[in-house]
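Participant: After the structure tokens below, expect a handful of questions from me.
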Amino acid sequence: MTAIMNALIAYSMRRMSVSRAFAYSYLVIYALSTLPGMLLLGIALTVGAMRPDRDPALICWLYDLAFLSFSGTMGVFLVGSLLWMAAILLDKNRVFPKWFGYFNLCNALTEVVVAPAWIFKEGVFAWNGVITWWLQVFVFATYTGRLHHPAQEDDPAWKTSAPGRYRSSRPM
Amino acid sequence: MTNGANAHSRPNGLDMPTASQETAEPARFVPGQPDMWAFVLFEALLFTAYFTVYIICRTRSVDLFLQSQAHLDLRVGGFNTLVLLASSWSVARCAQAARERSFRAALTNAFLTMLFGFSVPRLEGARVGEGDRQGVHVHHQRVLLLLLLPDGLHFLHLLIGFVFLGIVVYQLWSPARRSQELVETGATYWHTIDFLWILIFALLYVMR
């Protein structure tokens with residue numbers, strides 16, 4: 001599902017007036033992020049679930065590995081968000097609304113906040129903490145959720161704010 | 001905002017609203033891209049969340065927080081506030097001058113804003129370094145990080161602010177560009193930095 005979504009995003013970026021390098025680097029970055037973000041997490045959690053008789057300390061360590069691999073590798077998302085932001089703001093075809101470009105910046109800044117999860121084992125900065133997990137997941141979910149409503153361009157409030165200035169003659 | 005009202009405020013989509021438009025519709029005019037104001041809203045919400053977490057943690061162990069707050073220098077924070085207020089003033093004057101099409105004055109004010117901006121991060125950096133040197137145990141460290149996190153995030157916003165100022169200068173530089181909308185968008189971003197800092201200063205430095 002994620003692969004389809006990222007492919008669609010990359011396709012949207014190809015429709016923009018910016019260089020195609022943006023779309024392909026975006027695709028490569030997110031394809032790469034699957035390895036620590038999903039594959040390693042999945043393997044580690046499955047190992048933990050299928051070997052319940054092992055030493056609890058080992059299981060605990062395994063879960064630490066899985067979730068730090070999942071939420072600790074936020075650098076890729078940071079770079080990906082910034083790439084997408086640059087593409088949206090430079091784009092002249094208005095494939096995405098500008099405010100979504102700025103929302104990318106907002107998301108990128110929240111990714112930074114996850115970094116303390118590597119240092120702290122408990123509290124608000126641990127991988128399951130309020131700031132490093134819940135806040136980040138909330139922002140990321142809102143950010144990804146907004147993506148599924150690309151109809152904003154038909155929204156008159158956003159459309160008339162800059163009437164046709166960015167339209168280029170270039171075909172989609 | 002309704003379709004009619006918005007279409008009315010930007011009737012022909014020009015970069016520069018003329019003087020007559022401005023006087024006719026002073027209340028309806030949104031400076032810069034409206035999209036930037038969405039960003040301001042998101043950031044305000046996010047920082048509200050950080051401050052909520054901070055205050056909840058603080059009420060749980062007030063003594064520890066008071067000890068940690070001793071690391072934050074009120075004078076440095078006050079100086080930062082003044083510098084950022086001055087920079088906000090100069091960036092407002094920059095947008096004003098660009099609106100009146102006196103671009104030399106606008107450029108001077110943009111550079112003045114950069115100058116004010118440059119004097120902030122060094123002070124912030126010094127303070128973070130001071131925090132690092134303390135050999136403190138984990139609980140204390142976490143409290144210190146809760147105090148320094150908004151500071152650090154604000155510093156990142158400031159760095160990005162220089163990018164926006166760079167765009168403003170780039171726009172003002174050549175007569176071929178000079179998009180009033182982009183200048184005002186940059187100014188809006190810069191005001192956000194100041195706005196967030198005032199919240200940080202009040203909640204982290206002054207509130208004891």
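Labels for the structure tokens follow display order: chains A, B, ..., residues from 1 in each chain, ligands from 1.
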Neighbouring residues of region 52-54 of chain B were defined as those with any atom within 7 Å, considering only C-alpha atoms; residues of the same chain fewer than 4 positions away were excluded. Please report them as a PyMOL selection string.

Facilitator: chain B and resi 48+58+146

Participant: Determine, counting only C-alpha atoms, which protein, DNA and RNA residues have an atom within 7 Å of an atom of Gly37 (chain A); residues of the same chain fewer than 3 positions away are not included. Present the result as JSON, numbers by chain.

Facilitator: {"A": [33, 34, 40, 41, 69, 70]}

Participant: Can I get the selection written as a PDB file, in the first residue's frame, with N, CA and C atoms?

Facilitator:
```pdb
ATOM      1  N   SER A  33      13.840   3.708   2.704  1.00  0.00           N
ATOM      2  CA  SER A  33      13.351   3.794   4.082  1.00  0.00           C
ATOM      3  C   SER A  33      12.516   2.577   4.453  1.00  0.00           C
ATOM      4  N   THR A  34      12.074   1.806   3.468  1.00  0.00           N
ATOM      5  CA  THR A  34      11.293   0.605   3.773  1.00  0.00           C
ATOM      6  C   THR A  34      12.123  -0.416   4.531  1.00  0.00           C
ATOM      7  N   LEU A  40      12.903  -4.551   8.684  1.00  0.00           N
ATOM      8  CA  LEU A  40      13.622  -4.916   9.903  1.00  0.00           C
ATOM      9  C   LEU A  40      12.654  -4.984  11.091  1.00  0.00           C
ATOM     10  N   LEU A  41      11.747  -4.006  11.148  1.00  0.00           N
ATOM     11  CA  LEU A  41      10.736  -3.993  12.213  1.00  0.00           C
ATOM     12  C   LEU A  41       9.909  -5.276  12.189  1.00  0.00           C
ATOM     13  N   SER A  69      14.333   1.087  15.213  1.00  0.00           N
ATOM     14  CA  SER A  69      14.523   1.018  13.771  1.00  0.00           C
ATOM     15  C   SER A  69      13.347   1.668  13.053  1.00  0.00           C
ATOM     16  N   PHE A  70      12.153   1.509  13.628  1.00  0.00           N
ATOM     17  CA  PHE A  70      10.953   2.061  13.004  1.00  0.00           C
ATOM     18  C   PHE A  70      10.884   3.572  13.155  1.00  0.00           C
TER      19      PHE A  70
END
```

Participant: Which residues are close to region 132-149 of chain A, i.e. within 7 Å by only C-alpha atoms, leaving aside same-chain residues fewer than 3 positions away? Reply as an MDAnalysis selection string.

Facilitator: chainID A and resid 107 110:111 113:114 117 124:129 152

Participant: Keeping C-alpha atoms for every residue in the selection just given, could you write it to a file as a PDB file, in the first residue's frame?

Facilitator:
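Output below, filename again-v9.pdb:
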```pdb
ATOM      1  CA  ASN A 107       6.458  17.631   9.285  1.00  0.00           C
ATOM      2  CA  THR A 110       8.736  17.313  13.841  1.00  0.00           C
ATOM      3  CA  GLU A 111      10.946  14.489  12.551  1.00  0.00           C
ATOM      4  CA  VAL A 113      12.211  15.870  17.618  1.00  0.00           C
ATOM      5  CA  VAL A 114      12.360  12.052  17.422  1.00  0.00           C
ATOM      6  CA  ALA A 117      14.500   8.505  21.451  1.00  0.00           C
ATOM      7  CA  VAL A 124       8.390  11.627  27.211  1.00  0.00           C
ATOM      8  CA  PHE A 125      11.491  11.212  25.019  1.00  0.00           C
ATOM      9  CA  ALA A 126      11.580   7.398  24.843  1.00  0.00           C
ATOM     10  CA  TRP A 127      10.450   5.722  21.629  1.00  0.00           C
ATOM     11  CA  ASN A 128       6.957   5.376  23.116  1.00  0.00           C
ATOM     12  CA  GLY A 129       7.005   8.838  24.724  1.00  0.00           C
ATOM     13  CA  GLN A 152      -8.172  21.334  -2.392  1.00  0.00           C
TER      14      GLN A 152
END
```

Participant: Could you check the closest approach to chain A for each of B:Leu156, B:Val83, B:Ala110, B:Ala97 and tell me which residue wins, using only C-alpha atoms?

Facilitator: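 Looking at the shortest contact to chain A, the residue is B:Leu156.
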
Participant: Give the answer as one residue: which of B:Gly152, B:Gly117, B:Gly32, B:Gly166 has the shortest atom-to-atom distance to Asn80 (chain B), using only C-alpha atoms?

Facilitator: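 For Asn80 (chain B), the nearest of the candidates is B:Gly117.
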
Participant: Check the DSSP output for the backbone and give back, as a PDB file with C-alpha atoms, in the first residue's frame, the residues of region 14-192 of chain B in helix (DSSP H, G or I).

Facilitator:
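Writing the result to result38.pdb gives the following:
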```
ATOM      1  CA  ALA B  19      -2.628  52.388  -3.522  1.00  0.00           C
ATOM      2  CA  SER B  20      -6.263  52.869  -4.397  1.00  0.00           C
ATOM      3  CA  GLN B  21      -7.018  49.170  -3.841  1.00  0.00           C
ATOM      4  CA  GLU B  22      -5.289  49.294  -0.487  1.00  0.00           C
ATOM      5  CA  THR B  23      -7.266  52.261   0.726  1.00  0.00           C
ATOM      6  CA  ALA B  24     -10.501  50.844  -0.630  1.00  0.00           C
ATOM      7  CA  PRO B  34      -2.474  32.743   2.580  1.00  0.00           C
ATOM      8  CA  ASP B  35      -0.780  29.323   2.629  1.00  0.00           C
ATOM      9  CA  MET B  36       1.963  30.666   4.886  1.00  0.00           C
ATOM     10  CA  TRP B  37      -0.674  31.543   7.461  1.00  0.00           C
ATOM     11  CA  ALA B  38      -1.709  27.881   7.469  1.00  0.00           C
ATOM     12  CA  PHE B  39       1.906  27.075   8.379  1.00  0.00           C
ATOM     13  CA  VAL B  40       1.795  29.640  11.198  1.00  0.00           C
ATOM     14  CA  LEU B  41      -1.311  27.911  12.529  1.00  0.00           C
ATOM     15  CA  PHE B  42       0.269  24.420  12.366  1.00  0.00           C
ATOM     16  CA  GLU B  43       3.405  25.606  14.130  1.00  0.00           C
ATOM     17  CA  ALA B  44       1.427  27.382  16.829  1.00  0.00           C
ATOM     18  CA  LEU B  45      -0.523  24.160  17.453  1.00  0.00           C
ATOM     19  CA  LEU B  46       2.663  22.077  17.591  1.00  0.00           C
ATOM     20  CA  PHE B  47       4.371  24.383  20.047  1.00  0.00           C
ATOM     21  CA  THR B  48       1.201  24.410  22.135  1.00  0.00           C
ATOM     22  CA  ALA B  49       1.530  20.628  22.331  1.00  0.00           C
ATOM     23  CA  TYR B  50       5.184  20.883  23.457  1.00  0.00           C
ATOM     24  CA  PHE B  51       4.275  23.464  26.067  1.00  0.00           C
ATOM     25  CA  THR B  52       1.397  21.323  27.331  1.00  0.00           C
ATOM     26  CA  VAL B  53       3.768  18.371  27.811  1.00  0.00           C
ATOM     27  CA  TYR B  54       6.270  20.687  29.477  1.00  0.00           C
ATOM     28  CA  ILE B  55       3.739  22.079  31.925  1.00  0.00           C
ATOM     29  CA  ILE B  56       2.336  18.642  32.800  1.00  0.00           C
ATOM     30  CA  CYS B  57       5.853  17.314  33.481  1.00  0.00           C
ATOM     31  CA  ARG B  58       6.630  20.425  35.436  1.00  0.00           C
ATOM     32  CA  THR B  59       3.697  20.108  37.797  1.00  0.00           C
ATOM     33  CA  ARG B  60       4.862  16.543  38.593  1.00  0.00           C
ATOM     34  CA  VAL B  62       8.467  21.329  40.364  1.00  0.00           C
ATOM     35  CA  ASP B  63      11.742  21.305  42.317  1.00  0.00           C
ATOM     36  CA  LEU B  64      13.667  19.506  39.603  1.00  0.00           C
ATOM     37  CA  PHE B  65      12.396  21.948  37.004  1.00  0.00           C
ATOM     38  CA  LEU B  66      13.288  24.946  39.134  1.00  0.00           C
ATOM     39  CA  GLN B  67      16.833  23.583  39.508  1.00  0.00           C
ATOM     40  CA  SER B  68      17.116  23.046  35.774  1.00  0.00           C
ATOM     41  CA  GLN B  69      15.712  26.432  34.971  1.00  0.00           C
ATOM     42  CA  LEU B  74      17.181  35.253  31.916  1.00  0.00           C
ATOM     43  CA  ARG B  75      19.423  38.032  30.611  1.00  0.00           C
ATOM     44  CA  VAL B  76      20.355  36.036  27.502  1.00  0.00           C
ATOM     45  CA  GLY B  77      16.689  35.247  26.915  1.00  0.00           C
ATOM     46  CA  GLY B  78      15.752  38.885  27.388  1.00  0.00           C
ATOM     47  CA  PHE B  79      18.458  39.968  24.972  1.00  0.00           C
ATOM     48  CA  ASN B  80      17.216  37.444  22.406  1.00  0.00           C
ATOM     49  CA  THR B  81      13.688  38.775  22.816  1.00  0.00           C
ATOM     50  CA  LEU B  82      14.815  42.340  22.183  1.00  0.00           C
ATOM     51  CA  VAL B  83      16.938  41.359  19.172  1.00  0.00           C
ATOM     52  CA  LEU B  84      14.111  39.334  17.663  1.00  0.00           C
ATOM     53  CA  LEU B  85      11.592  42.121  18.245  1.00  0.00           C
ATOM     54  CA  ALA B  86      13.999  44.504  16.507  1.00  0.00           C
ATOM     55  CA  SER B  87      14.362  42.054  13.609  1.00  0.00           C
ATOM     56  CA  SER B  88      10.580  41.765  13.353  1.00  0.00           C
ATOM     57  CA  TRP B  89      10.372  45.533  13.187  1.00  0.00           C
ATOM     58  CA  SER B  90      12.971  45.753  10.425  1.00  0.00           C
ATOM     59  CA  VAL B  91      11.348  42.988   8.362  1.00  0.00           C
ATOM     60  CA  ALA B  92       8.000  44.771   8.700  1.00  0.00           C
ATOM     61  CA  ARG B  93       9.666  47.949   7.465  1.00  0.00           C
ATOM     62  CA  CYS B  94      11.144  45.926   4.600  1.00  0.00           C
ATOM     63  CA  ALA B  95       7.683  44.732   3.504  1.00  0.00           C
ATOM     64  CA  GLN B  96       6.306  48.252   3.930  1.00  0.00           C
ATOM     65  CA  ALA B  97       9.094  49.786   1.835  1.00  0.00           C
ATOM     66  CA  ALA B  98       8.635  47.153  -0.880  1.00  0.00           C
ATOM     67  CA  ARG B  99       4.912  47.951  -0.951  1.00  0.00           C
ATOM     68  CA  PHE B 103      13.363  48.843  -3.033  1.00  0.00           C
ATOM     69  CA  ARG B 104      16.659  50.244  -1.772  1.00  0.00           C
ATOM     70  CA  ALA B 105      15.155  50.873   1.657  1.00  0.00           C
ATOM     71  CA  ALA B 106      13.530  47.427   1.541  1.00  0.00           C
ATOM     72  CA  LEU B 107      16.886  45.764   0.824  1.00  0.00           C
ATOM     73  CA  THR B 108      18.584  47.691   3.636  1.00  0.00           C
ATOM     74  CA  ASN B 109      15.905  46.534   6.037  1.00  0.00           C
ATOM     75  CA  ALA B 110      16.168  42.931   4.835  1.00  0.00           C
ATOM     76  CA  PHE B 111      19.923  42.977   5.505  1.00  0.00           C
ATOM     77  CA  LEU B 112      19.310  44.614   8.881  1.00  0.00           C
ATOM     78  CA  THR B 113      16.960  41.726   9.716  1.00  0.00           C
ATOM     79  CA  MET B 114      19.690  39.241   8.763  1.00  0.00           C
ATOM     80  CA  LEU B 115      22.135  41.079  11.009  1.00  0.00           C
ATOM     81  CA  PHE B 116      19.718  40.872  13.937  1.00  0.00           C
ATOM     82  CA  GLY B 117      19.096  37.233  13.112  1.00  0.00           C
ATOM     83  CA  PHE B 118      22.814  36.410  13.135  1.00  0.00           C
ATOM     84  CA  SER B 119      23.257  37.717  16.670  1.00  0.00           C
ATOM     85  CA  VAL B 120      20.687  35.243  18.043  1.00  0.00           C
ATOM     86  CA  PRO B 121      22.008  31.738  17.202  1.00  0.00           C
ATOM     87  CA  ARG B 122      25.428  32.310  18.711  1.00  0.00           C
ATOM     88  CA  LEU B 123      23.854  33.068  22.066  1.00  0.00           C
ATOM     89  CA  GLU B 124      21.545  30.086  21.820  1.00  0.00           C
ATOM     90  CA  GLY B 125      24.469  27.838  20.917  1.00  0.00           C
ATOM     91  CA  ALA B 126      26.452  29.059  23.892  1.00  0.00           C
ATOM     92  CA  ARG B 127      23.644  28.177  26.217  1.00  0.00           C
ATOM     93  CA  VAL B 128      23.173  24.679  24.842  1.00  0.00           C
ATOM     94  CA  GLY B 129      26.906  24.063  25.263  1.00  0.00           C
ATOM     95  CA  GLU B 130      26.648  25.117  28.862  1.00  0.00           C
ATOM     96  CA  GLY B 131      23.889  22.580  29.393  1.00  0.00           C
ATOM     97  CA  ASP B 132      26.008  19.814  27.877  1.00  0.00           C
ATOM     98  CA  ARG B 133      28.919  20.362  30.216  1.00  0.00           C
ATOM     99  CA  VAL B 138      19.307  11.031  33.657  1.00  0.00           C
ATOM    100  CA  HIS B 139      16.243  12.629  35.255  1.00  0.00           C
ATOM    101  CA  HIS B 140      17.940  15.951  35.272  1.00  0.00           C
ATOM    102  CA  GLN B 141      19.026  15.434  31.671  1.00  0.00           C
ATOM    103  CA  ARG B 142      15.455  14.792  30.579  1.00  0.00           C
ATOM    104  CA  VAL B 143      14.246  17.946  32.281  1.00  0.00           C
ATOM    105  CA  LEU B 144      17.068  19.893  30.694  1.00  0.00           C
ATOM    106  CA  LEU B 145      16.121  18.511  27.287  1.00  0.00           C
ATOM    107  CA  LEU B 146      12.472  19.463  27.853  1.00  0.00           C
ATOM    108  CA  LEU B 147      13.702  22.989  28.481  1.00  0.00           C
ATOM    109  CA  LEU B 148      16.120  23.026  25.568  1.00  0.00           C
ATOM    110  CA  LEU B 149      13.914  21.297  22.983  1.00  0.00           C
ATOM    111  CA  PRO B 150      11.744  24.334  22.159  1.00  0.00           C
ATOM    112  CA  ASP B 151      14.967  26.377  22.085  1.00  0.00           C
ATOM    113  CA  GLY B 152      16.577  23.966  19.640  1.00  0.00           C
ATOM    114  CA  LEU B 153      13.483  23.843  17.458  1.00  0.00           C
ATOM    115  CA  HIS B 154      13.355  27.614  17.490  1.00  0.00           C
ATOM    116  CA  PHE B 155      16.974  27.661  16.367  1.00  0.00           C
ATOM    117  CA  LEU B 156      16.052  25.412  13.407  1.00  0.00           C
ATOM    118  CA  HIS B 157      13.203  27.777  12.535  1.00  0.00           C
ATOM    119  CA  LEU B 158      15.705  30.612  12.617  1.00  0.00           C
ATOM    120  CA  LEU B 159      18.025  28.778  10.201  1.00  0.00           C
ATOM    121  CA  ILE B 160      15.117  28.230   7.807  1.00  0.00           C
ATOM    122  CA  GLY B 161      14.238  31.898   8.314  1.00  0.00           C
ATOM    123  CA  PHE B 162      17.558  32.796   6.702  1.00  0.00           C
ATOM    124  CA  VAL B 163      16.495  30.821   3.620  1.00  0.00           C
ATOM    125  CA  PHE B 164      13.278  32.847   3.487  1.00  0.00           C
ATOM    126  CA  LEU B 165      15.222  36.095   3.953  1.00  0.00           C
ATOM    127  CA  GLY B 166      17.509  34.969   1.135  1.00  0.00           C
ATOM    128  CA  ILE B 167      14.435  34.577  -1.089  1.00  0.00           C
ATOM    129  CA  VAL B 168      13.232  38.041  -0.044  1.00  0.00           C
ATOM    130  CA  VAL B 169      16.612  39.577  -0.943  1.00  0.00           C
ATOM    131  CA  TYR B 170      16.676  37.628  -4.226  1.00  0.00           C
ATOM    132  CA  GLN B 171      13.221  38.984  -5.063  1.00  0.00           C
ATOM    133  CA  LEU B 172      14.128  42.554  -4.178  1.00  0.00           C
ATOM    134  CA  TRP B 173      17.471  42.482  -5.981  1.00  0.00           C
ATOM    135  CA  GLN B 180       5.405  41.637  -3.295  1.00  0.00           C
ATOM    136  CA  GLU B 181       3.592  38.420  -2.389  1.00  0.00           C
ATOM    137  CA  LEU B 182       6.844  36.511  -1.815  1.00  0.00           C
ATOM    138  CA  VAL B 183       8.386  39.381   0.163  1.00  0.00           C
ATOM    139  CA  GLU B 184       5.375  39.437   2.458  1.00  0.00           C
ATOM    140  CA  THR B 185       5.401  35.637   2.772  1.00  0.00           C
ATOM    141  CA  GLY B 186       9.020  35.801   3.942  1.00  0.00           C
ATOM    142  CA  ALA B 187       8.139  38.568   6.368  1.00  0.00           C
ATOM    143  CA  THR B 188       5.253  36.494   7.742  1.00  0.00           C
ATOM    144  CA  TYR B 189       7.620  33.584   8.324  1.00  0.00           C
ATOM    145  CA  TRP B 190      10.073  35.833  10.123  1.00  0.00           C
ATOM    146  CA  HIS B 191       7.334  37.173  12.376  1.00  0.00           C
ATOM    147  CA  THR B 192       6.472  33.575  13.269  1.00  0.00           C
TER     148      THR B 192
END
```

Participant: How far is it from CA of Val76 (chain A) to CA of Trp61 (chain A), in Å with one decimal?

Facilitator: 23.9 Å

Participant: Report as a list in words all protein, DNA and RNA residues lying within 7 Å of region 26-28 of chain A, evaluated on only C-alpha atoms, omitting residues in the same chain fewer than 6 positions from it.

Facilitator: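 Contacts, in chain order: Asn6, Ala7, Ala10, Gly80 and Leu83 of chain A.
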
Participant: If you measure from CA of Gly48 (chain A) to CA of Cys60 (chain A), what distance in Å do you get, rounded to one decimal?

Facilitator: 8.6 Å

Participant: Residues near region 101-105 of chain A, anyone? I mean within 7 Å using only C-alpha atoms, not counting same-chain ones fewer than 5 positions away, as a ChimeraX atom specification.

Facilitator: /A:81-82,85,88-89 /B:36,39

Participant: Can you write just those residues out, C-alpha atoms, as a compact mmCIF listing (two decimals), in the first residue's frame?

Facilitator:
```txt
# COMPACT_ATOMS: atom_id res chain seq x y z
CA SER A 81 9.67 15.91 3.22
CA LEU A 82 12.11 18.69 2.37
CA MET A 85 8.37 20.76 -0.08
CA ILE A 88 5.70 21.92 -4.39
CA LEU A 89 6.97 25.45 -3.79
CA MET B 36 1.96 30.67 4.89
CA PHE B 39 1.91 27.08 8.38
```

Participant: Rounded to one decimal, what separation in Å do you get between CA of Ala44 (chain A) and CA of Thr73 (chain A)?

Facilitator: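 So the two atoms, CA of Ala44 (chain A) and CA of Thr73 (chain A), lie 15.4 Å apart.
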
Participant: Restricting the calculation to only C-alpha atoms, which member of A:Ala57, A:Met16, A:Ile29, A:Ile119 is positioned closest to chain B?

Facilitator: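 When distances to chain B are compared using only C-alpha atoms, the smallest one comes from A:Ile119.
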
Participant: Would you please work out which residue, of A:Lys92, A:Tyr30, A:Trp118, A:Ala66, is nearest to Ala3 (chain A) when using only C-alpha atoms?

Facilitator: A:Tyr30
